[in-house]
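Source file: model-v6.cif (mmCIF, C-alpha atoms)
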```cif
data_model
loop_
_atom_site.label_atom_id
_atom_site.label_comp_id
_atom_site.auth_asym_id
_atom_site.auth_seq_id
_atom_site.Cartn_x
_atom_site.Cartn_y
_atom_site.Cartn_z
CA ARG A 1 -63.89 -56.12 35.93
CA LYS A 2 -60.59 -54.90 37.40
CA MET A 3 -58.67 -57.21 35.07
CA LYS A 4 -60.65 -55.85 32.14
CA LYS A 5 -59.81 -52.27 33.14
CA SER A 6 -56.12 -53.10 33.53
CA PHE A 7 -56.04 -54.87 30.18
CA ALA A 8 -57.75 -51.92 28.48
CA LYS A 9 -55.32 -49.43 29.98
CA THR A 10 -52.32 -51.56 29.00
CA LEU A 11 -53.61 -51.98 25.46
CA SER A 12 -54.31 -48.26 25.23
CA PHE A 13 -50.77 -47.43 26.32
CA LEU A 14 -49.20 -49.78 23.80
CA SER A 15 -51.53 -48.52 21.09
CA THR A 16 -50.66 -44.91 21.84
CA PHE A 17 -46.97 -45.75 21.64
CA ALA A 18 -47.42 -47.48 18.28
CA ALA A 19 -49.50 -44.61 16.91
CA THR A 20 -46.89 -42.08 18.00
CA LEU A 21 -44.16 -44.18 16.41
CA SER A 22 -46.07 -44.32 13.14
CA PHE A 23 -46.50 -40.54 13.10
CA THR A 24 -42.78 -39.96 13.62
CA GLN A 25 -42.09 -42.25 10.68
CA ILE A 26 -44.65 -40.68 8.36
CA ALA A 27 -44.66 -36.96 9.16
CA PRO A 28 -41.19 -36.06 7.82
CA ASN A 29 -41.97 -37.58 4.43
CA ALA A 30 -45.65 -36.68 4.22
CA LEU A 31 -44.94 -32.98 4.59
CA ARG A 32 -42.38 -32.79 1.78
CA PHE A 33 -42.99 -32.13 -1.88
CA ARG A 34 -43.19 -35.15 -4.15
CA GLY A 35 -39.74 -35.88 -5.53
CA ASN A 36 -37.40 -32.92 -5.85
CA ALA A 37 -39.81 -30.05 -5.49
CA ILE A 38 -37.24 -27.37 -6.04
CA GLU A 39 -35.36 -27.70 -9.33
CA SER A 40 -32.68 -25.17 -8.43
CA HIS A 41 -32.00 -22.22 -6.20
CA LEU A 42 -33.07 -18.79 -7.33
CA LYS A 43 -30.64 -16.51 -9.03
CA PRO A 44 -29.81 -13.33 -7.09
CA ASN A 45 -32.56 -11.17 -8.62
CA GLU A 46 -35.05 -13.89 -9.51
CA GLU A 47 -38.49 -13.62 -7.97
CA PHE A 48 -40.22 -16.63 -6.46
CA SER A 49 -42.28 -18.35 -9.12
CA ILE A 50 -44.67 -21.28 -8.92
CA ASP A 51 -43.06 -22.50 -12.12
CA SER A 52 -39.95 -23.40 -10.13
CA LEU A 53 -41.91 -26.08 -8.29
CA LYS A 54 -42.88 -29.48 -9.66
CA LEU A 55 -46.19 -29.42 -7.85
CA PHE A 56 -48.22 -30.85 -10.69
CA GLU A 57 -45.89 -33.58 -11.86
CA LYS A 58 -47.84 -36.70 -12.76
CA PRO A 59 -46.80 -39.90 -10.98
CA ALA A 60 -45.40 -42.76 -12.97
CA GLN A 61 -47.97 -45.24 -14.27
CA ASN A 62 -46.53 -48.09 -12.25
CA ASP A 63 -46.81 -46.13 -8.99
CA LYS A 64 -49.57 -47.48 -6.78
CA ILE A 65 -50.83 -45.66 -3.73
CA SER A 66 -51.11 -48.92 -1.84
CA ASP A 67 -47.40 -49.53 -2.40
CA LYS A 68 -46.57 -46.20 -0.78
CA ILE A 69 -48.45 -46.89 2.47
CA SER A 70 -45.93 -47.74 5.12
CA PRO A 71 -46.60 -50.83 7.27
CA VAL A 72 -45.92 -48.57 10.25
CA PHE A 73 -48.79 -46.32 9.10
CA LYS A 74 -51.12 -49.34 8.96
CA ILE A 75 -50.07 -50.38 12.46
CA GLY A 76 -50.58 -46.84 13.72
CA SER A 77 -54.07 -46.62 12.22
CA LEU A 78 -55.12 -49.91 13.80
CA SER A 79 -53.57 -48.81 17.07
CA LEU A 80 -55.57 -45.60 17.12
CA LEU A 81 -58.72 -47.57 16.37
CA SER A 82 -58.01 -49.93 19.23
CA ILE A 83 -57.64 -46.98 21.60
CA LEU A 84 -61.07 -45.70 20.70
CA LEU A 85 -62.67 -49.12 21.01
CA THR A 86 -61.09 -50.35 24.23
CA ALA A 87 -60.67 -47.30 26.44
CA ASN A 88 -64.12 -46.88 27.89
CA GLU A 89 -63.32 -45.12 31.19
CA ALA A 90 -62.62 -41.47 31.00
CA SER A 91 -64.10 -39.40 33.68
CA ALA A 92 -64.82 -35.81 33.33
CA LYS A 93 -68.51 -35.89 32.73
CA GLY A 94 -69.33 -39.43 33.72
CA GLY A 95 -67.70 -41.51 31.04
CA GLU A 96 -70.52 -41.61 28.50
CA TYR A 97 -68.22 -40.25 25.79
CA GLY A 98 -65.36 -42.56 26.69
CA ILE A 99 -61.86 -41.45 25.87
CA TRP A 100 -63.15 -38.37 24.05
CA GLU A 101 -63.77 -36.66 27.39
CA GLY A 102 -60.62 -37.94 29.08
CA ARG A 103 -57.37 -36.18 29.82
CA SER A 104 -55.56 -37.56 26.75
CA PHE A 105 -57.76 -35.73 24.26
CA ALA A 106 -58.14 -32.72 26.56
CA LEU A 107 -54.36 -32.21 26.57
CA LEU A 108 -54.13 -32.58 22.80
CA HIS A 109 -55.11 -28.93 22.28
CA PRO A 110 -52.53 -27.30 24.60
CA ILE A 111 -49.77 -29.62 23.40
CA ILE A 112 -50.39 -28.87 19.72
CA MET A 113 -50.91 -25.16 20.28
CA GLY A 114 -47.77 -24.89 22.38
CA SER A 115 -45.88 -26.54 19.55
CA MET A 116 -47.53 -24.22 17.03
CA PHE A 117 -46.35 -21.20 19.02
CA ALA A 118 -42.78 -22.43 18.62
CA VAL A 119 -43.38 -23.23 14.94
CA SER A 120 -44.77 -19.71 14.41
CA GLY A 121 -41.58 -18.15 15.75
CA TYR A 122 -39.41 -20.46 13.66
CA ALA A 123 -41.48 -19.81 10.53
CA ALA A 124 -41.13 -16.05 11.11
CA ILE A 125 -37.34 -16.35 11.27
CA LEU A 126 -37.27 -18.42 8.08
CA GLY A 127 -39.60 -15.95 6.35
CA LEU A 128 -37.37 -13.00 7.18
CA LYS A 129 -34.32 -14.92 5.98
CA TRP A 130 -36.10 -15.77 2.72
CA ARG A 131 -36.99 -12.11 2.22
CA GLU A 132 -33.37 -11.18 2.87
CA LEU A 133 -32.16 -13.73 0.31
CA ARG A 134 -34.76 -12.66 -2.27
CA THR A 135 -33.69 -9.01 -2.04
CA MET A 136 -29.96 -9.73 -1.72
CA GLY A 137 -29.30 -9.14 -5.42
CA LYS A 138 -30.55 -5.55 -5.22
CA ALA A 139 -28.48 -4.92 -2.10
CA ILE A 140 -25.34 -6.21 -3.81
CA ASN A 141 -25.96 -4.01 -6.85
CA LEU A 142 -26.34 -0.96 -4.61
CA VAL A 143 -22.97 -1.71 -3.02
CA LYS A 144 -21.37 -2.01 -6.44
CA GLU A 145 -22.56 1.50 -7.24
CA LYS A 146 -20.58 2.79 -4.28
CA GLY A 147 -17.35 1.96 -6.09
CA PRO A 148 -15.25 5.04 -7.01
CA MET A 149 -15.23 6.55 -10.50
CA LEU A 150 -11.79 6.13 -12.10
CA SER A 151 -9.94 8.48 -14.45
CA SER A 152 -11.07 6.29 -17.33
CA GLY A 153 -14.64 7.43 -16.69
CA GLN A 154 -15.72 3.96 -15.56
CA ARG A 155 -16.73 2.81 -12.11
CA ALA A 156 -14.25 0.53 -10.36
CA LYS A 157 -15.23 -3.12 -10.40
CA ILE A 158 -15.08 -5.42 -7.42
CA PRO A 159 -12.71 -6.99 -6.47
CA PHE A 160 -10.60 -3.86 -6.34
CA SER A 161 -7.44 -5.97 -6.26
CA ASP A 162 -7.90 -6.72 -9.96
CA GLU A 163 -8.25 -3.00 -10.73
CA ILE A 164 -5.17 -2.19 -8.64
CA SER A 165 -3.10 -4.82 -10.46
CA SER A 166 -4.23 -3.51 -13.83
CA ILE A 167 -3.36 0.10 -12.94
CA ASN A 168 0.07 -0.89 -11.61
CA ARG A 169 0.82 -2.69 -14.88
CA GLN A 170 -0.12 0.43 -16.85
CA ILE A 171 2.10 2.64 -14.68
CA SER A 172 5.05 0.25 -15.05
CA ILE A 173 5.14 0.63 -18.85
CA MET A 174 4.58 4.41 -18.91
CA ASP A 175 7.08 7.25 -18.81
CA PRO A 176 7.09 8.68 -15.27
CA ASN A 177 6.57 12.14 -16.76
CA ASN A 178 3.42 11.05 -18.55
CA PRO A 179 0.48 13.08 -17.17
CA LYS A 180 -1.64 9.90 -17.15
CA VAL A 181 0.60 8.44 -14.46
CA LYS A 182 -0.60 11.02 -11.96
CA ALA A 183 -4.23 10.24 -12.80
CA LEU A 184 -3.61 6.51 -12.38
CA LYS A 185 -1.97 7.09 -9.02
CA ASN A 186 -5.03 9.04 -7.95
CA ASP A 187 -7.10 6.01 -8.98
CA LEU A 188 -4.95 3.82 -6.75
CA ALA A 189 -5.55 6.18 -3.83
CA LEU A 190 -9.31 6.08 -4.43
CA LEU A 191 -9.34 2.28 -4.54
CA THR A 192 -7.32 2.08 -1.33
CA THR A 193 -9.56 4.47 0.59
CA ASN A 194 -12.71 2.64 -0.55
CA LYS A 195 -11.71 -0.79 0.73
CA SER A 196 -14.76 -0.79 3.01
CA VAL A 197 -16.99 -0.98 -0.08
CA GLU A 198 -15.30 -4.19 -1.16
CA GLU A 199 -15.59 -5.62 2.35
CA GLU A 200 -19.31 -4.85 2.41
CA TYR A 201 -19.73 -6.50 -0.98
CA ASN A 202 -17.87 -9.65 0.12
CA SER A 203 -19.95 -9.81 3.31
CA LEU A 204 -23.20 -9.74 1.33
CA VAL A 205 -21.99 -12.39 -1.11
CA ASP A 206 -20.99 -14.70 1.73
CA ARG A 207 -24.34 -14.12 3.44
CA ARG A 208 -26.19 -15.00 0.24
CA LYS A 209 -24.25 -18.25 -0.08
CA THR A 210 -25.08 -19.17 3.52
CA LEU A 211 -28.81 -18.49 3.12
CA THR A 212 -28.92 -20.39 -0.18
CA LYS A 213 -27.47 -23.48 1.49
CA GLN A 214 -30.08 -23.27 4.27
CA ASN A 215 -33.03 -23.71 1.83
CA VAL A 216 -34.95 -21.05 3.73
CA ARG A 217 -37.68 -20.71 1.09
CA GLU A 218 -38.66 -24.38 1.13
CA ARG A 219 -38.45 -24.63 4.90
CA HIS A 220 -40.57 -21.50 5.38
CA TYR A 221 -43.23 -22.96 3.08
CA GLU A 222 -43.19 -26.28 4.95
CA MET A 223 -43.47 -24.61 8.38
CA GLY A 224 -46.36 -22.49 7.13
CA SER A 225 -48.17 -25.57 5.83
CA ILE A 226 -47.71 -27.39 9.13
CA LEU A 227 -48.86 -24.34 11.06
CA LEU A 228 -52.01 -23.91 9.01
CA ALA A 229 -52.98 -27.60 9.00
CA LEU A 230 -52.31 -28.53 12.63
CA GLY A 231 -53.25 -25.10 13.97
CA VAL A 232 -56.72 -25.11 12.42
CA PHE A 233 -57.25 -28.72 13.53
CA ALA A 234 -56.30 -27.92 17.14
CA ALA A 235 -58.36 -24.71 17.13
CA ILE A 236 -61.47 -26.73 16.28
CA GLU A 237 -60.58 -29.73 18.44
CA GLY A 238 -60.24 -27.56 21.56
CA PRO A 239 -63.82 -26.19 21.73
CA VAL A 240 -65.27 -29.53 20.61
CA ASN A 241 -63.42 -31.33 23.39
CA THR A 242 -64.53 -28.71 25.92
CA TYR A 243 -68.15 -29.21 24.89
CA ILE A 244 -67.83 -33.00 25.16
CA ARG A 245 -66.33 -32.76 28.65
CA ALA A 246 -68.44 -29.96 30.11
CA GLY A 247 -71.57 -29.94 27.98
CA LYS A 248 -71.07 -26.25 27.14
CA LEU A 249 -68.49 -23.73 25.95
CA PHE A 250 -66.96 -20.95 28.02
CA PRO A 251 -66.90 -17.78 25.90
CA GLY A 252 -64.06 -15.52 26.89
CA PRO A 253 -60.83 -13.87 25.73
CA HIS A 254 -59.06 -17.18 25.07
CA LEU A 255 -61.82 -18.44 22.79
CA TYR A 256 -62.26 -15.13 20.95
CA VAL A 257 -58.55 -14.52 20.40
CA GLY A 258 -58.08 -18.12 19.27
CA ALA A 259 -60.83 -17.68 16.69
CA GLY A 260 -59.19 -14.46 15.54
CA ILE A 261 -55.85 -16.22 15.09
CA VAL A 262 -57.47 -18.83 12.85
CA VAL A 263 -58.98 -16.06 10.69
CA LEU A 264 -55.58 -14.34 10.45
CA TRP A 265 -53.94 -17.64 9.42
CA ALA A 266 -56.42 -17.89 6.56
CA LEU A 267 -55.77 -14.27 5.50
CA ALA A 268 -51.99 -14.75 5.58
CA ALA A 269 -52.28 -17.90 3.46
CA ALA A 270 -54.63 -16.16 1.01
CA LEU A 271 -51.93 -13.56 0.27
CA VAL A 272 -49.39 -16.12 -0.95
CA GLN A 273 -50.55 -16.08 -4.58
CA ASP A 274 -50.20 -12.29 -4.85
CA MET A 275 -46.81 -12.51 -3.14
CA GLN A 276 -45.65 -14.97 -5.78
CA ARG A 277 -46.66 -12.44 -8.43
CA GLY A 278 -44.38 -9.84 -6.86
CA ASN A 279 -46.99 -7.74 -5.06
CA GLU A 280 -45.06 -5.87 -2.35
CA TYR A 281 -48.23 -4.77 -0.56
CA ALA A 282 -49.23 -8.42 -0.17
CA ARG A 283 -45.79 -9.23 1.19
CA TYR A 284 -45.90 -6.47 3.79
CA ALA A 285 -49.44 -7.47 4.75
CA HIS A 286 -48.33 -11.12 5.09
CA ILE A 287 -45.47 -10.14 7.36
CA GLY A 288 -47.62 -7.79 9.45
CA ILE A 289 -50.41 -10.34 9.89
CA ASN A 290 -48.04 -13.08 10.98
CA PHE A 291 -46.26 -10.89 13.51
CA GLY A 292 -49.70 -9.92 14.80
CA ILE A 293 -50.48 -13.62 15.17
CA LEU A 294 -47.25 -14.12 17.11
CA GLY A 295 -48.25 -11.35 19.52
CA LEU A 296 -51.74 -12.80 20.03
CA PHE A 297 -50.23 -16.26 20.46
CA ALA A 298 -47.91 -14.99 23.19
CA TRP A 299 -50.86 -13.33 24.93
CA GLN A 300 -52.78 -16.63 24.78
CA VAL A 301 -50.13 -18.51 26.77
CA ASN A 302 -51.27 -17.15 30.14
CA THR A 303 -54.97 -17.99 29.72
CA GLY A 304 -54.06 -21.28 28.07
CA LEU A 305 -52.02 -22.37 31.09
CA GLN A 306 -54.89 -21.46 33.41
CA ILE A 307 -57.30 -23.60 31.38
CA THR A 308 -54.79 -26.47 31.30
CA GLU A 309 -54.61 -26.40 35.09
CA LYS A 310 -58.39 -26.85 35.26
CA VAL A 311 -58.20 -29.72 32.78
CA LEU A 312 -55.62 -31.49 34.95
CA GLN A 313 -57.79 -30.84 38.00
CA PHE A 314 -61.07 -32.21 36.62
CA THR A 315 -59.95 -35.05 34.32
CA LYS A 316 -57.93 -38.21 34.52
CA PHE A 317 -56.32 -40.55 32.01
CA PRO A 318 -56.91 -41.91 29.48
#
```
Would you write the structure of this file as structure tokens?
Amino acid sequence: RKMKKSFAKTLSFLSTFAATLSFTQIAPNALRFRGNAIESHLKPNEEFSIDSLKLFEKPAQNDKISDKISPVFKIGSLSLLSILLTANEASAKGGEYGIWEGRSFALLHPIIMGSMFAVSGYAAILGLKWRELRTMGKAINLVKEKGPMLSSGQRAKIPFSDEISSINRQISIMDPNNPKVKALKNDLALLTTNKSVEEEYNSLVDRRKTLTKQNVRERHYEMGSILLALGVFAAIEGPVNTYIRAGKLFPGPHLYVGAGIVVLWALAAALVQDMQRGNEYARYAHIGINFGILGLFAWQVNTGLQITEKVLQFTKFP
């Protein structure tokens, strides 16, 4: 019997390793759009549009789903199955549920939720950067309007160096006594004293180039998708695992706040369509909801660590 237990534990360890390896191979590709999802970056003033995504592109006729399944994925699936079939000694409630009531599955919830807390913060940063990039065109246009009005009746164009060169050429071919020369010199003085406007403009343009290279829109969408999928899974897995181990749930702040976070995730995701249509109220609501989630998540850490301590106290591997 001891040999059987040792063999089961060894097989479970190797199976877990193989399953983890398969996930690391699959996850990066499984969470990306099919093919090149984004045809091109947005223009400065262009709103996000679902038309810019190739979400509904039909696969080629010779593409077969079976051909796309990685051998590593097959190994991982079989490995996970072998874990469930061979590991028959957990030990929270007596072992009747096997590995489902052991420490491995009990720790799945805090591990995923801890990761989701970090993902939430990262997704928030990406979302704010995407908002900054989306509104950058308006900000640049506002800076352009700060340019001084010249004697010609037109506003100076950035870069001011081109305007200065043009004015100097005009002065060079004019009679010094020409009254226009004085006006042109005044223009030069205005352009010189408004150099800060040009610097602000250049700073915004450089910032826009940086954000465009970072693909913040696509990455924000991907982080949101991961957060919603894994977060909802872990939020359900946690109470189910608790019930399997203890035979009952423990209603309290951690459970109630966790349920509230799941509801807020759904509300935030439901606003995406209106956001794509340019609804500013939906955008502000989306931002407010997600920062509310971050605050609730941070509050959950303390109670979550207390529950994890109890799990470690009353369970053992696998």
List the residues matched by the PyMOL selection byres ((chain A and resi 287) around 12) in the displayed structure as an MDAnalysis selection string, ordered by chain and then by residue number. chainID A and resid 120 123:128 130:131 264:265 267:269 271:272 275 280:286 288:294
To one decimal place, how far is atom CA of A:Phe317 from atom CA of A:Thr303 in Å?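 Those two atoms sit 22.7 Å apart.
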re atom CA of A:His109 and atom CA of A:Glu237: distance 6.7 Å
Which residues match the PyMOL selection byres ((chain A and resi 234) around 12) in the file above, as a PyMOL selection string? chain A and resi 105-116+226-233+235-241+258-259+261-262
Using the chain letters and numbers from the file, which residues does the PyMOL selection byres ((chain A and resi 141-154) around 12) grab, as a PyMOL selection string? chain A and resi 44-45+135-140+155-160+163-164+167+179-205
Could you state the separation of atom CA of A:Leu133 and atom CA of A:Glu218 in Å, given to one decimal place?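 Going from atom CA of A:Leu133 over to atom CA of A:Glu218 covers 12.5 Å.
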Can you pull out the residues contacting A:Leu312? Cut-off 12 Å, using all atoms listed in the file, and skip same-chain residues under 2 positions away; I want them as a ChimeraX atom specification. /A:91-92,102-107,110,305-310,314-318
